[in-house]
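J.: After the structure tokens below, expect a handful of questions from me.
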Amino acid sequence: MDLRHDPYALAHTAAAQLTARAGVDKFDIAIVLGSGWQQAAETLAPIDCEIPTSDLPGFHAPSVQGHKGRIMSIEFAGKRIALVAGRVHLYEGHPTADVVHPVRTVIAAGAETVILTNAAGGIDPNRGPGTMMLISDHINLTATSPMEGASPPENYGSRFVDLSDVYSRETRAAIRQVRPDLTEGVYVGFRGPHYETPAEIKMAKAMGGDLVGMSTVLEAIAARHLGARVIGFSLVTNLAAGVSPTPLNHLEVLEAGQKAAAGMADLFRDILPCL
Ligand code: 8IG
């Protein structure tokens, strides 16, 4: 089939090149690094190999400050881990299939567990900037789905993906055993890139949301479709509009990420052995 029209074949082609370049048979775990999480993950273990995503088919160069397009291969806690830096977002103008391509690629490269990390706005004033949270569930307000379009090929699961346990309940319980300090929250995924109005944040709160962001939800759906176990972590880098007394800006997001880097590295060190 023509690779341009079959996102699954494209992911497999990219995955074969990725594992060949990294010199590994497969990856066990993939961690998609959101703003702020990258430097934390890089301190976990020596980087055995780093592949610019510009060398792999189907990847776009990210256009966001603080994001670089590369996949790093590390070994930690006896697991081969792909660190995916430089995700692309819908708000950069990319189609949904391209936004989830990195996740489809690392799963095609063997990863059975995908950890999605992000920086997010917090709706709960008691969990302000610097708070790390486990994502318990999401509300997809992007008005799109990675399953839209042609039906997946024969050997793949149905496009009508079951989402009743996206962020593995069992794994979250195991994580909370080692990190009882972590609270959970529902992540509301908006398209952005503008931040919300106070009225939209009231809506998100009324819907049961705790966190607001512009990533993660589509990747989580694509990963569940492929049968991977999904875990999500948010770093609250700002209080959401109307909760915060001051306007939001992208710089405070980057700063909060830098300040929390040590805590995020500790989090990875604590939870990776129990996956
Ligand atoms: I960081 O307040 C970060 N990402 N939608 N709203 C949305 N995305 C965000 C926010 C926020 N903060």
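Ligands are numbered from 1 in the order shown, residues from 1 within each chain, and chains are lettered A, B, ... in the order they appear in the structure tokens.
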Which chain A residues have any atom within 10 Å of an atom of ligand 1, and for each, what is the nearest pair of atoms with distance in Å to one decimal, counting only C-alpha atoms and all ligand atoms, rows sorted by chain and number, as JSON lines?
T.:
```
{"residue": "A:Gly34", "atom": "CA", "partner": "ligand 1", "partner_atom_place_in_ligand_line": "1 (I)", "distance": 9.1}
{"residue": "A:Ser35", "atom": "CA", "partner": "ligand 1", "partner_atom_place_in_ligand_line": "1 (I)", "distance": 7.4}
{"residue": "A:Gly36", "atom": "CA", "partner": "ligand 1", "partner_atom_place_in_ligand_line": "1 (I)", "distance": 9.2}
{"residue": "A:Asn118", "atom": "CA", "partner": "ligand 1", "partner_atom_place_in_ligand_line": "1 (I)", "distance": 7.5}
{"residue": "A:Ala119", "atom": "CA", "partner": "ligand 1", "partner_atom_place_in_ligand_line": "1 (I)", "distance": 4.2}
{"residue": "A:Ala120", "atom": "CA", "partner": "ligand 1", "partner_atom_place_in_ligand_line": "3 (C)", "distance": 3.8}
{"residue": "A:Gly121", "atom": "CA", "partner": "ligand 1", "partner_atom_place_in_ligand_line": "2 (O)", "distance": 3.6}
{"residue": "A:Gly122", "atom": "CA", "partner": "ligand 1", "partner_atom_place_in_ligand_line": "2 (O)", "distance": 6.8}
{"residue": "A:Ile123", "atom": "CA", "partner": "ligand 1", "partner_atom_place_in_ligand_line": "2 (O)", "distance": 8.4}
{"residue": "A:Pro129", "atom": "CA", "partner": "ligand 1", "partner_atom_place_in_ligand_line": "1 (I)", "distance": 9.5}
{"residue": "A:Tyr187", "atom": "CA", "partner": "ligand 1", "partner_atom_place_in_ligand_line": "5 (N)", "distance": 9.8}
{"residue": "A:Val188", "atom": "CA", "partner": "ligand 1", "partner_atom_place_in_ligand_line": "5 (N)", "distance": 7.9}
{"residue": "A:Gly189", "atom": "CA", "partner": "ligand 1", "partner_atom_place_in_ligand_line": "5 (N)", "distance": 6.8}
{"residue": "A:Phe190", "atom": "CA", "partner": "ligand 1", "partner_atom_place_in_ligand_line": "5 (N)", "distance": 5.3}
{"residue": "A:Arg191", "atom": "CA", "partner": "ligand 1", "partner_atom_place_in_ligand_line": "5 (N)", "distance": 7.2}
{"residue": "A:Gly192", "atom": "CA", "partner": "ligand 1", "partner_atom_place_in_ligand_line": "5 (N)", "distance": 5.7}
{"residue": "A:Pro193", "atom": "CA", "partner": "ligand 1", "partner_atom_place_in_ligand_line": "5 (N)", "distance": 7.1}
{"residue": "A:His194", "atom": "CA", "partner": "ligand 1", "partner_atom_place_in_ligand_line": "5 (N)", "distance": 7.2}
{"residue": "A:Tyr195", "atom": "CA", "partner": "ligand 1", "partner_atom_place_in_ligand_line": "6 (N)", "distance": 4.7}
{"residue": "A:Glu196", "atom": "CA", "partner": "ligand 1", "partner_atom_place_in_ligand_line": "6 (N)", "distance": 5.9}
{"residue": "A:Thr197", "atom": "CA", "partner": "ligand 1", "partner_atom_place_in_ligand_line": "6 (N)", "distance": 9.3}
{"residue": "A:Glu200", "atom": "CA", "partner": "ligand 1", "partner_atom_place_in_ligand_line": "5 (N)", "distance": 9.8}
{"residue": "A:Ile201", "atom": "CA", "partner": "ligand 1", "partner_atom_place_in_ligand_line": "6 (N)", "distance": 8.6}
{"residue": "A:Leu211", "atom": "CA", "partner": "ligand 1", "partner_atom_place_in_ligand_line": "11 (C)", "distance": 8.0}
{"residue": "A:Val212", "atom": "CA", "partner": "ligand 1", "partner_atom_place_in_ligand_line": "7 (C)", "distance": 4.7}
{"residue": "A:Gly213", "atom": "CA", "partner": "ligand 1", "partner_atom_place_in_ligand_line": "8 (N)", "distance": 3.3}
{"residue": "A:Met214", "atom": "CA", "partner": "ligand 1", "partner_atom_place_in_ligand_line": "8 (N)", "distance": 5.0}
{"residue": "A:Ser215", "atom": "CA", "partner": "ligand 1", "partner_atom_place_in_ligand_line": "8 (N)", "distance": 8.1}
{"residue": "A:Ser234", "atom": "CA", "partner": "ligand 1", "partner_atom_place_in_ligand_line": "1 (I)", "distance": 9.1}
{"residue": "A:Leu235", "atom": "CA", "partner": "ligand 1", "partner_atom_place_in_ligand_line": "1 (I)", "distance": 7.9}
{"residue": "A:Val236", "atom": "CA", "partner": "ligand 1", "partner_atom_place_in_ligand_line": "1 (I)", "distance": 6.8}
{"residue": "A:Thr237", "atom": "CA", "partner": "ligand 1", "partner_atom_place_in_ligand_line": "1 (I)", "distance": 5.3}
{"residue": "A:Asn238", "atom": "CA", "partner": "ligand 1", "partner_atom_place_in_ligand_line": "12 (N)", "distance": 5.7}
{"residue": "A:Leu239", "atom": "CA", "partner": "ligand 1", "partner_atom_place_in_ligand_line": "2 (O)", "distance": 6.4}
{"residue": "A:Ala240", "atom": "CA", "partner": "ligand 1", "partner_atom_place_in_ligand_line": "2 (O)", "distance": 4.3}
{"residue": "A:Ala241", "atom": "CA", "partner": "ligand 1", "partner_atom_place_in_ligand_line": "2 (O)", "distance": 6.3}
{"residue": "A:Gly242", "atom": "CA", "partner": "ligand 1", "partner_atom_place_in_ligand_line": "2 (O)", "distance": 9.9}
{"residue": "A:Val243", "atom": "CA", "partner": "ligand 1", "partner_atom_place_in_ligand_line": "2 (O)", "distance": 9.7}
{"residue": "A:Ser244", "atom": "CA", "partner": "ligand 1", "partner_atom_place_in_ligand_line": "2 (O)", "distance": 9.5}
{"residue": "A:Pro247", "atom": "CA", "partner": "ligand 1", "partner_atom_place_in_ligand_line": "2 (O)", "distance": 9.9}
{"residue": "A:Leu248", "atom": "CA", "partner": "ligand 1", "partner_atom_place_in_ligand_line": "2 (O)", "distance": 7.1}
{"residue": "A:Asn249", "atom": "CA", "partner": "ligand 1", "partner_atom_place_in_ligand_line": "12 (N)", "distance": 8.5}
{"residue": "A:His250", "atom": "CA", "partner": "ligand 1", "partner_atom_place_in_ligand_line": "1 (I)", "distance": 7.2}
{"residue": "A:Leu251", "atom": "CA", "partner": "ligand 1", "partner_atom_place_in_ligand_line": "1 (I)", "distance": 9.5}
{"residue": "A:Glu252", "atom": "CA", "partner": "ligand 1", "partner_atom_place_in_ligand_line": "1 (I)", "distance": 8.4}
{"residue": "A:Val253", "atom": "CA", "partner": "ligand 1", "partner_atom_place_in_ligand_line": "1 (I)", "distance": 5.1}
{"residue": "A:Leu254", "atom": "CA", "partner": "ligand 1", "partner_atom_place_in_ligand_line": "1 (I)", "distance": 7.9}
{"residue": "A:Ala256", "atom": "CA", "partner": "ligand 1", "partner_atom_place_in_ligand_line": "1 (I)", "distance": 9.0}
{"residue": "A:Gly257", "atom": "CA", "partner": "ligand 1", "partner_atom_place_in_ligand_line": "1 (I)", "distance": 8.8}
```
J.: Using the chain letters and numbers from this document, which residues of stretch 109-263 of chain A does DSSP assign to alpha helix (DSSP H), as a ChimeraX atom specification?
T.: /A:169-178,198-206,217-225,250-259,261-263
J.: Mind running stretch 76-175 of chain A against stretch 221-233 of chain A at 8 Å and telling me each contacting residue's nearest atom pair with the distance in Å (one decimal), counting only C-alpha atoms, chain and number ascending, as a tab-separated table?
T.:
```
residue	atom	partner	partner_atom	distance
A:Val100	CA	A:Ala222	CA	6.6
A:Val103	CA	A:Ala223	CA	6.6
A:Arg104	CA	A:Ala223	CA	6.8
A:Ile107	CA	A:Ala228	CA	7.1
A:Ala111	CA	A:Ala228	CA	7.4
A:Glu112	CA	A:Ala228	CA	4.8
A:Thr113	CA	A:Arg229	CA	4.6
A:Val114	CA	A:Val230	CA	5.0
A:Ile115	CA	A:Ile231	CA	4.7
A:Leu116	CA	A:Gly232	CA	4.7
A:Thr117	CA	A:Phe233	CA	4.8
A:Asn118	CA	A:Phe233	CA	6.5
A:Met132	CA	A:Phe233	CA	6.9
A:Met133	CA	A:Phe233	CA	5.6
A:Leu134	CA	A:Phe233	CA	4.7
A:Ile135	CA	A:Gly232	CA	5.0
A:Ser136	CA	A:Gly232	CA	7.8
A:Ser145	CA	A:Ile221	CA	7.7
A:Pro146	CA	A:Ala222	CA	6.0
A:Met147	CA	A:Ala222	CA	7.3
A:Tyr156	CA	A:Leu226	CA	7.3
A:Gly157	CA	A:His225	CA	6.3
A:Ser158	CA	A:His225	CA	7.6
A:Arg159	CA	A:His225	CA	7.4
A:Val161	CA	A:His225	CA	5.7
A:Asp162	CA	A:His225	CA	7.9
A:Leu163	CA	A:Ile221	CA	7.4
A:Val166	CA	A:Val230	CA	6.4
A:Tyr167	CA	A:Val230	CA	5.1
A:Ser168	CA	A:Val230	CA	6.1
A:Thr171	CA	A:Ile231	CA	7.6
A:Arg172	CA	A:Ile231	CA	7.5
```
J.: At a cut-off of 10 Å, using only C-alpha atoms, what residues contact A:Leu272? Leave out same-chain residues fewer than 2 positions from it and give the result as a VMD selection string.
T.: chain A and resid 29 76 to 79 81 115 175 267 to 270 274 to 275
J.: I need the residues of stretch 222-274 of chain A that end up classed as strand (DSSP E) by DSSP on the backbone, written out as number ranges by chain.
T.: A: 229-239
J.: Please list as a list in words every residue within 9 Å of A:Gln17, counting only C-alpha atoms and excluding residues in the same chain fewer than 5 positions away.
T.: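 Here the qualifying residues turn out to be His12, Ala22, Asp55, Leu56 and Pro57 of chain A.
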J.: Record the distance separating atom CA of A:Glu75 and atom CA of A:Pro46, expressed in Å with one decimal.
T.: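 Here the two named atoms are 7.9 Å from each other.
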J.: Kindly give the distance, in Å, that separates atom CA of A:Ala11 and atom CA of A:Gly23, rounded to a single decimal.
T.: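 Those two atoms sit 17.8 Å apart.
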